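Content type compact mmCIF, C-alpha atoms, from the file coords.txt:
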# COMPACT_ATOMS: atom_id res chain seq x y z
CA MET F 25 0.00 0.00 0.00
CA VAL F 26 2.86 2.27 0.90
CA GLU F 27 4.55 1.52 -2.38
CA ASN F 28 1.35 2.12 -4.34
CA ASN F 29 0.81 5.44 -2.66
CA SER F 30 4.40 6.60 -2.67
CA LYS F 31 4.22 7.72 -6.30
CA ASP F 32 1.46 10.21 -5.41
CA TYR F 33 3.51 11.58 -2.57
CA ARG F 34 6.63 12.19 -4.61
CA ALA F 35 5.38 15.47 -6.02
CA LEU F 36 4.25 16.48 -2.55
CA LEU F 37 7.76 15.71 -1.30
CA ALA F 38 9.15 18.55 -3.43
CA GLY F 39 6.48 20.91 -2.12
CA TYR F 40 7.14 19.79 1.47
CA VAL F 41 10.86 20.55 1.25
CA ASP F 42 10.13 23.99 -0.19
CA GLY F 43 7.31 24.82 2.24
CA GLU F 44 4.85 25.05 -0.63
CA LEU F 45 2.14 22.69 0.62
CA SER F 46 -1.21 23.75 2.01
CA ASP F 47 -1.91 22.78 5.65
CA GLU F 48 -4.06 19.89 4.52
CA GLU F 49 -1.47 18.63 2.03
CA ARG F 50 1.26 18.94 4.65
CA ARG F 51 -0.69 16.96 7.27
CA ASP F 52 -1.49 14.29 4.70
CA PHE F 53 2.15 14.13 3.65
CA GLU F 54 3.42 13.90 7.23
CA ARG F 55 1.05 11.00 7.93
CA GLU F 56 2.49 9.17 4.94
CA LEU F 57 6.01 10.13 5.94
CA ALA F 58 5.60 8.52 9.36
CA ARG F 59 4.96 5.12 7.78
CA ASN F 60 7.00 5.27 4.59
CA GLU F 61 10.72 4.73 5.06
CA GLN F 62 11.59 5.27 1.42
CA LEU F 63 9.90 8.64 1.50
CA ARG F 64 11.88 9.57 4.63
CA ASP F 65 15.13 8.65 2.87
CA GLU F 66 14.17 10.78 -0.12
CA LEU F 67 13.26 13.66 2.16
CA GLY F 68 16.72 13.50 3.75
CA GLU F 69 18.30 13.42 0.29
CA PHE F 70 16.32 16.48 -0.86
CA LYS F 71 17.05 18.44 2.30
CA LYS F 72 20.76 17.81 1.82
CA LEU F 73 20.52 18.91 -1.79
CA LYS F 74 18.72 22.07 -0.79
CA GLU F 75 21.43 22.76 1.77
CA VAL F 76 24.12 22.43 -0.90
CA THR F 77 22.36 24.68 -3.41
CA GLY F 78 21.71 27.13 -0.58
CA MET F 79 25.47 27.50 -0.08
CA VAL F 80 25.93 29.19 -3.43
CA ARG F 81 24.48 31.90 -5.57
CA TYR F 82 25.11 32.74 -9.19
CA ALA F 83 27.80 35.34 -9.69
CA ASP F 84 26.69 38.76 -10.78
CA LEU F 85 28.39 40.86 -13.44
CA PRO F 86 30.61 43.82 -12.46
CA ASP F 87 28.80 47.15 -11.91
CA GLU F 88 30.32 48.74 -15.01
CA VAL F 89 28.78 46.03 -17.20
CA TRP F 90 25.34 46.87 -15.80
CA GLU F 91 25.96 50.59 -16.17
CA ASN F 92 26.85 50.17 -19.87
CA TYR F 93 24.29 47.46 -20.55
CA TRP F 94 21.73 49.65 -22.32
CA GLN F 95 24.36 51.58 -24.32
CA ASN F 96 25.86 48.29 -25.56
CA LEU F 97 22.43 47.00 -26.48
CA TYR F 98 21.57 50.22 -28.29
CA ARG F 99 24.79 50.02 -30.30
CA LYS F 100 23.95 46.43 -31.26
CA MET F 101 20.54 47.62 -32.49
CA GLU F 102 22.12 50.40 -34.54
CA ARG F 103 24.60 47.97 -36.08
CA GLY F 104 21.72 45.63 -36.89
CA PHE F 105 20.03 48.38 -38.89
CA GLY F 106 23.36 49.17 -40.53
CA TRP F 107 23.73 45.55 -41.65
CA ILE F 108 20.20 45.53 -43.07
CA PHE F 109 20.86 48.64 -45.19
CA LEU F 110 24.30 47.38 -46.24
CA SER F 111 22.82 44.02 -47.29
CA LEU F 112 19.98 45.66 -49.20
CA GLY F 113 22.41 47.96 -51.00
CA ALA F 114 24.69 45.05 -51.85
CA ILE F 115 21.75 43.01 -53.22
CA ILE F 116 20.62 45.94 -55.41
CA LEU F 117 24.13 46.56 -56.75
CA LEU F 118 24.88 42.88 -57.37
CA SER F 119 21.52 42.34 -59.10
CA PHE F 120 22.07 45.35 -61.32
CA GLY F 121 25.65 44.26 -62.09
CA ALA F 122 24.50 40.73 -62.95
CA TYR F 123 21.72 42.10 -65.17
CA GLU F 124 24.13 44.40 -67.03
CA ALA F 125 26.77 41.69 -67.45
CA LEU F 126 24.26 39.13 -68.74
CA SER F 127 22.63 41.68 -71.09
CA GLN F 128 26.00 42.48 -72.64
CA LEU F 129 26.95 38.83 -72.85
CA PHE F 130 23.76 37.74 -74.59
CA THR F 131 23.72 40.68 -77.03
CA ASP F 132 27.42 40.30 -77.93
CA PRO F 133 27.59 38.55 -81.32
CA THR F 134 31.25 37.57 -80.78
CA VAL F 135 30.41 35.27 -77.82
CA PRO F 136 29.77 31.71 -79.07
CA LEU F 137 26.25 30.32 -78.74
CA TRP F 138 27.42 27.37 -76.60
CA THR F 139 28.97 29.76 -74.09
CA LYS F 140 25.71 31.76 -73.88
CA LEU F 141 23.72 28.54 -73.53
CA GLY F 142 26.02 27.23 -70.76
CA ILE F 143 25.95 30.46 -68.77
CA GLY F 144 22.19 30.82 -69.25
CA THR F 145 21.53 27.26 -68.04
CA ALA F 146 23.81 27.67 -65.01
CA GLY F 147 22.08 30.97 -64.19
CA LEU F 148 18.68 29.29 -64.44
CA GLY F 149 19.90 26.57 -62.07
CA VAL F 150 20.98 29.17 -59.50
CA VAL F 151 17.59 30.93 -59.73
CA ILE F 152 15.69 27.62 -59.27
CA MET F 153 17.81 26.75 -56.21
CA LEU F 154 17.25 30.18 -54.70
CA VAL F 155 13.48 29.98 -55.23
CA SER F 156 13.44 26.50 -53.70
CA LEU F 157 15.43 27.72 -50.68
CA VAL F 158 13.17 30.72 -50.12
CA ARG F 159 10.06 28.53 -50.44
CA GLU F 160 11.47 26.04 -47.91
CA ARG F 161 12.30 28.82 -45.45
CA LEU F 162 8.83 30.34 -45.84
CA PHE F 163 7.22 26.92 -45.30
CA ALA F 164 9.30 26.34 -42.15
CA TYR F 165 8.52 29.84 -40.89
CA ASN F 166 4.76 29.38 -41.31
CA ARG F 167 4.83 26.11 -39.37
CA ASP F 168 7.07 27.38 -36.56
CA ARG F 169 5.00 27.99 -33.42
CA TYR F 170 7.82 29.98 -31.85
CA LYS F 171 8.45 32.09 -34.95
CA GLU F 172 7.78 35.31 -33.07
CA VAL F 173 10.43 34.58 -30.48
CA ASN F 174 12.91 32.17 -31.98
CA LYS F 175 13.93 33.69 -35.30
CA MET Q 103 14.18 42.78 -9.69
CA SER Q 104 12.09 39.97 -8.26
CA ILE Q 105 9.94 38.03 -10.63
CA LYS Q 106 7.06 38.50 -8.26
CA GLU Q 107 4.73 40.69 -10.21
CA GLY Q 108 1.96 42.75 -8.79
CA LYS Q 109 -0.83 43.79 -11.09
CA THR Q 110 0.69 47.25 -11.47
CA GLU Q 111 4.06 45.85 -12.52
CA MET Q 112 2.42 43.61 -15.11
CA GLU Q 113 0.48 46.57 -16.45
CA THR Q 114 3.68 48.61 -16.61
CA ASP Q 115 5.45 45.90 -18.60
CA VAL Q 116 2.56 45.62 -21.02
CA ALA Q 117 2.35 49.40 -21.35
CA LEU Q 118 6.07 49.52 -22.14
CA ILE Q 119 5.68 46.82 -24.78
CA MET Q 120 2.86 48.80 -26.35
CA ASP Q 121 5.16 51.84 -26.49
CA ILE Q 122 7.93 49.71 -28.01
CA LYS Q 123 5.40 48.50 -30.58
CA ALA Q 124 4.82 52.13 -31.48
CA GLY Q 125 8.57 52.49 -32.11
CA ASN Q 126 9.54 54.15 -28.83
CA LYS Q 127 13.14 53.12 -28.11
CA LYS Q 128 13.11 54.85 -24.72
CA ALA Q 129 10.41 52.40 -23.64
CA LEU Q 130 12.78 49.57 -24.55
CA GLY Q 131 15.42 51.25 -22.40
CA LYS Q 132 13.02 51.28 -19.46
CA LEU Q 133 12.08 47.64 -20.00
CA VAL Q 134 15.77 46.73 -20.14
CA GLU Q 135 16.42 48.52 -16.86
CA ARG Q 136 13.55 46.65 -15.21
CA HIS Q 137 14.50 43.17 -16.37
CA LYS Q 138 18.18 43.08 -17.39
CA LYS Q 139 19.39 41.34 -14.22
CA LEU Q 140 16.57 38.82 -14.29
CA ALA Q 141 17.31 38.03 -17.94
CA TYR Q 142 21.01 37.57 -17.23
CA ARG Q 143 20.43 35.36 -14.18
CA LEU Q 144 17.91 33.14 -15.94
CA ALA Q 145 20.29 32.69 -18.86
CA LEU Q 146 23.21 32.02 -16.52
CA GLY Q 147 21.27 29.25 -14.84
CA LEU Q 148 20.57 27.63 -18.19
CA VAL Q 149 23.93 28.01 -19.97
CA GLY Q 150 26.21 28.20 -16.93
CA ASN Q 151 28.62 30.75 -18.34
CA LYS Q 152 28.66 34.46 -17.49
CA ASP Q 153 29.76 35.79 -20.88
CA ASP Q 154 27.28 33.66 -22.78
CA ALA Q 155 24.51 34.60 -20.33
CA HIS Q 156 25.25 38.30 -20.84
CA ASP Q 157 25.14 37.96 -24.63
CA ILE Q 158 21.94 35.90 -24.50
CA SER Q 159 20.23 38.43 -22.22
CA GLN Q 160 21.08 41.22 -24.68
CA GLU Q 161 19.87 39.18 -27.63
CA ALA Q 162 16.63 38.50 -25.74
CA PHE Q 163 15.90 42.23 -25.53
CA LEU Q 164 16.65 42.62 -29.24
CA ARG Q 165 14.09 39.87 -29.91
CA VAL Q 166 11.59 41.65 -27.69
CA TYR Q 167 12.09 44.78 -29.79
CA ARG Q 168 11.79 42.94 -33.10
CA SER Q 169 8.87 40.76 -31.98
CA SER Q 170 6.90 43.41 -30.10
CA LYS Q 171 4.41 43.62 -32.97
CA THR Q 172 3.34 40.01 -32.37
CA TYR Q 173 2.99 40.45 -28.61
CA ASP Q 174 -0.52 39.78 -27.30
CA ALA Q 175 -1.31 42.56 -24.82
CA GLY Q 176 -3.78 40.27 -23.03
CA GLN Q 177 -0.96 37.99 -21.88
CA PRO Q 178 1.53 38.69 -19.08
CA PHE Q 179 4.98 39.79 -20.19
CA LEU Q 180 7.28 37.56 -18.14
CA PRO Q 181 6.22 34.13 -19.50
CA TRP Q 182 6.61 35.51 -23.04
CA PHE Q 183 10.00 36.96 -22.18
CA TYR Q 184 11.09 33.76 -20.46
CA THR Q 185 10.15 31.76 -23.57
CA ILE Q 186 12.42 34.02 -25.61
CA ILE Q 187 15.32 33.51 -23.18
CA SER Q 188 14.72 29.78 -22.92
CA ASN Q 189 14.60 29.35 -26.71
CA LEU Q 190 17.77 31.39 -27.13
CA CYS Q 191 19.51 29.26 -24.52
CA ARG Q 192 18.40 26.05 -26.22
CA THR Q 193 19.69 27.27 -29.58
CA TRP Q 194 22.92 28.46 -27.96
CA LEU Q 195 23.49 25.11 -26.27
CA LYS Q 196 22.73 23.16 -29.45
CA ARG Q 197 25.30 25.22 -31.35
CA ARG Q 198 27.88 24.72 -28.64
CA SER Q 199 27.09 21.03 -28.50
CA ARG Q 200 27.75 20.73 -32.24
CA ARG Q 201 30.87 22.89 -32.04
CA GLU Q 202 32.53 21.60 -28.89
CA ASN Q 203 30.73 18.32 -28.31
CA LYS Q 204 29.47 19.45 -24.89
CA MET Q 205 26.26 21.05 -23.76
CA VAL Q 206 26.80 23.20 -20.71
CA ASP Q 207 30.12 24.84 -20.01
CA VAL Q 208 30.00 26.04 -16.43
CA ASP Q 209 32.82 28.46 -15.77
CA ASP Q 210 34.35 28.39 -12.30
CA ALA Q 211 33.33 31.97 -11.62
CA SER Q 212 29.65 31.41 -12.28
CA PHE Q 213 29.01 30.24 -8.68
CA LEU Q 214 29.88 32.15 -5.53
CA LEU Q 215 29.81 30.91 -1.97
CA VAL Q 216 27.16 32.67 0.07
CA ASP Q 217 29.01 32.36 3.38
CA THR Q 218 32.80 32.55 3.44
CA ALA Q 219 33.17 33.48 7.12
CA ASN Q 220 34.61 30.14 8.19
CA PRO Q 221 37.83 29.42 6.21
CA GLU Q 222 37.92 25.76 7.30
CA SER Q 223 34.54 24.97 5.86
CA VAL Q 224 35.25 26.93 2.70
CA MET Q 225 37.49 24.18 1.29
CA VAL Q 226 34.88 21.51 1.95
CA LYS Q 227 32.18 23.70 0.50
CA LYS Q 228 34.23 24.39 -2.60
CA GLU Q 229 34.59 20.67 -3.27
CA THR Q 230 30.86 20.17 -2.83
CA ILE Q 231 30.14 23.08 -5.16
CA ALA Q 232 32.50 21.73 -7.81
CA CYS Q 233 30.57 18.50 -7.57
CA LEU Q 234 27.28 20.39 -7.91
CA GLN Q 235 28.57 22.24 -10.96
CA ARG Q 236 29.59 19.04 -12.69
CA ALA Q 237 26.24 17.45 -11.89
CA LEU Q 238 24.34 20.47 -13.25
CA THR Q 239 26.19 20.26 -16.56
CA GLU Q 240 24.94 16.71 -16.99
CA LEU Q 241 21.30 17.46 -16.29
CA GLY Q 242 18.92 17.75 -19.22
CA PHE Q 243 17.72 21.22 -20.20
CA GLU Q 244 14.28 20.95 -18.60
CA ASP Q 245 15.63 19.57 -15.35
CA ARG Q 246 18.28 22.29 -15.15
CA GLU Q 247 15.61 24.86 -15.96
CA ILE Q 248 13.34 23.93 -13.06
CA ILE Q 249 16.27 23.56 -10.65
CA THR Q 250 17.52 26.99 -11.65
CA LEU Q 251 14.15 28.66 -11.20
CA GLN Q 252 13.49 27.12 -7.80
CA HIS Q 253 16.90 26.76 -6.20
CA PHE Q 254 18.85 29.66 -7.64
CA ARG Q 255 16.16 32.18 -8.52
CA GLY Q 256 14.09 31.35 -5.45
CA MET Q 257 10.80 31.50 -7.32
CA SER Q 258 7.64 30.20 -5.70
CA TYR Q 259 5.78 27.34 -7.37
CA ASP Q 260 3.08 29.73 -8.54
CA GLU Q 261 5.69 31.97 -10.17
CA ILE Q 262 7.37 29.00 -11.86
CA ALA Q 263 3.98 27.75 -13.06
CA THR Q 264 3.26 31.18 -14.58
CA VAL Q 265 6.64 31.57 -16.20
CA LEU Q 266 6.69 28.06 -17.67
CA SER Q 267 2.96 28.04 -18.44
CA ILE Q 268 2.47 24.69 -16.70
CA PRO Q 269 0.16 23.62 -13.83
CA ARG Q 270 1.42 23.90 -10.25
CA GLY Q 271 1.24 20.11 -9.86
CA THR Q 272 3.55 19.69 -12.83
CA VAL Q 273 6.03 22.07 -11.18
CA MET Q 274 6.10 19.79 -8.14
CA SER Q 275 6.53 16.57 -10.11
CA ARG Q 276 9.17 18.08 -12.42
CA LEU Q 277 11.08 19.31 -9.38
CA TYR Q 278 10.89 15.87 -7.80
CA TYR Q 279 12.40 14.11 -10.81
CA ALA Q 280 14.97 16.84 -11.47
CA ARG Q 281 16.17 16.67 -7.86
CA LYS Q 282 16.39 12.90 -7.96
CA LYS Q 283 18.59 13.11 -11.04
CA LEU Q 284 20.71 15.89 -9.57
CA ALA Q 285 21.20 13.96 -6.31
CA ARG Q 286 22.17 10.84 -8.25
CA LEU Q 287 24.66 12.76 -10.40
CA MET Q 288 26.15 14.46 -7.35
CA GLY Q 289 26.56 11.08 -5.69
CA LYS Q 290 28.34 9.81 -8.79
CA HIS Q 291 30.80 12.73 -8.81
CA ASP Q 292 31.25 12.66 -5.06
CA GLY Q 293 32.08 9.01 -4.85

Translate the structure of the given file into structure tokens.
Amino acid sequence: MVENNSKDYRALLAGYVDGELSDEERRDFERELARNEQLRDELGEFKKLKEVTGMVRYADLPDEVWENYWQNLYRKMERGFGWIFLSLGAIILLSFGAYEALSQLFTDPTVPLWTKLGIGTAGLGVVIMLVSLVRERLFAYNRDRYKEVNK
Amino acid sequence: MSIKEGKTEMETDVALIMDIKAGNKKALGKLVERHKKLAYRLALGLVGNKDDAHDISQEAFLRVYRSSKTYDAGQPFLPWFYTIISNLCRTWLKRRSRRENKMVDVDDASFLLVDTANPESVMVKKETIACLQRALTELGFEDREIITLQHFRGMSYDEIATVLSIPRGTVMSRLYYARKKLARLMGKHDG
């Protein structure tokens, strides 16, 4: 009977150690504790663990880090915007450059047909791969329940 | 700042998020001041390294800024914010696991003794703490998470239930199993 009940009292054991049980729960738990040796052993184990974790605290950062925390964060935000504009500019320039280069290549009568065909096919392959990648990312994004916090 | 939120504090957080949504960077500054230490300490408990925890806490505020438009004003701020930190920590640990073949990398300076008055007991305590640190690194993410919130952040069960969006009973049972594992791991390292 003790063994059958002990599973129900395990969760209460955590609450008992932390002083989180209601009066009724505590009385019920203490009745079980008086007759269940295994539970008493576990209680001793948990109390010891709590004593050990009570000996330490997580180290804080130096005061100057906290004083500059917001400024550092603000600079990161500014740099983020900088990267966005830089990337957009680079995409525009590269796209325009690629368009100009391909236009000249395909309208140049001195370039052999096989060369144009090879470059055109390779270019088409790159475009298909890019579209596929974007579609995959969009699909994953739409199915991600944490998209608003984990991207 | 304590995680214990009164109604007014919750309203203030939500009001700040609404201002951030409207593009007010000063509101983000205020939110950062209110929660920067909490963010750092939560991250430190999960990744075990001060520098990483600092970076993660800063990244969490950037995510708050970028994601403020999707924030539901009817929901409390802290569980949403904790989810951001927790997800960042998970991603961080996965990357480190791939890179260095280890999950948590607890630096020696991440833990401090609370009481150093008695020099004789300090040595013994330091050994016990080293053992605790090693055991923590071997715990799974969810076990370390609940241990951190209860033991090192001192949150009540109701606060943990709110932050993790789980029932109070689940908090108790998760704590039970996490402590059992931690005690077993400490015994392994001790002996």

Return the neighbours of chain F among the residues of chain Q, cut-off 8 Å, counting all atoms listed in the file, as number ranges by chain. Q: 131, 134-135, 143, 146-147, 152, 160, 164-166, 169, 172, 185-186, 189-190, 211-217, 227, 230-231, 234, 253-254, 258-259, 271, 274-278, 281-282, 285

Can you work out the spacing between atom CA of Q:Leu133 and atom CA of Q:Asp115 in Å, to one decimal? 7.0 Å

For F:Glu75, which residue among F:Val41, F:Gly106, F:Leu118, F:Ala58 is the nearest when counting all atoms listed in the file?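 Checking each of F:Val41, F:Gly106, F:Leu118, F:Ala58 against F:Glu75, counting all atoms listed in the file, the winner is F:Val41.
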
Anything within 10 Å of (6.2, 28.3, -14.6): list those residues as a VMD selection string, counting only C-alpha atoms and sticking to the file's coordinates. chain Q and resid 180 to 181 184 248 251 257 to 270 272 to 273

Pick the closest to F:Asp87 from Q:Thr114, Q:Tyr279, Q:Trp182, Q:Lys139: which is it, counting only C-alpha atoms?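 Among the listed residues, the smallest separation from F:Asp87 belongs to Q:Lys139.
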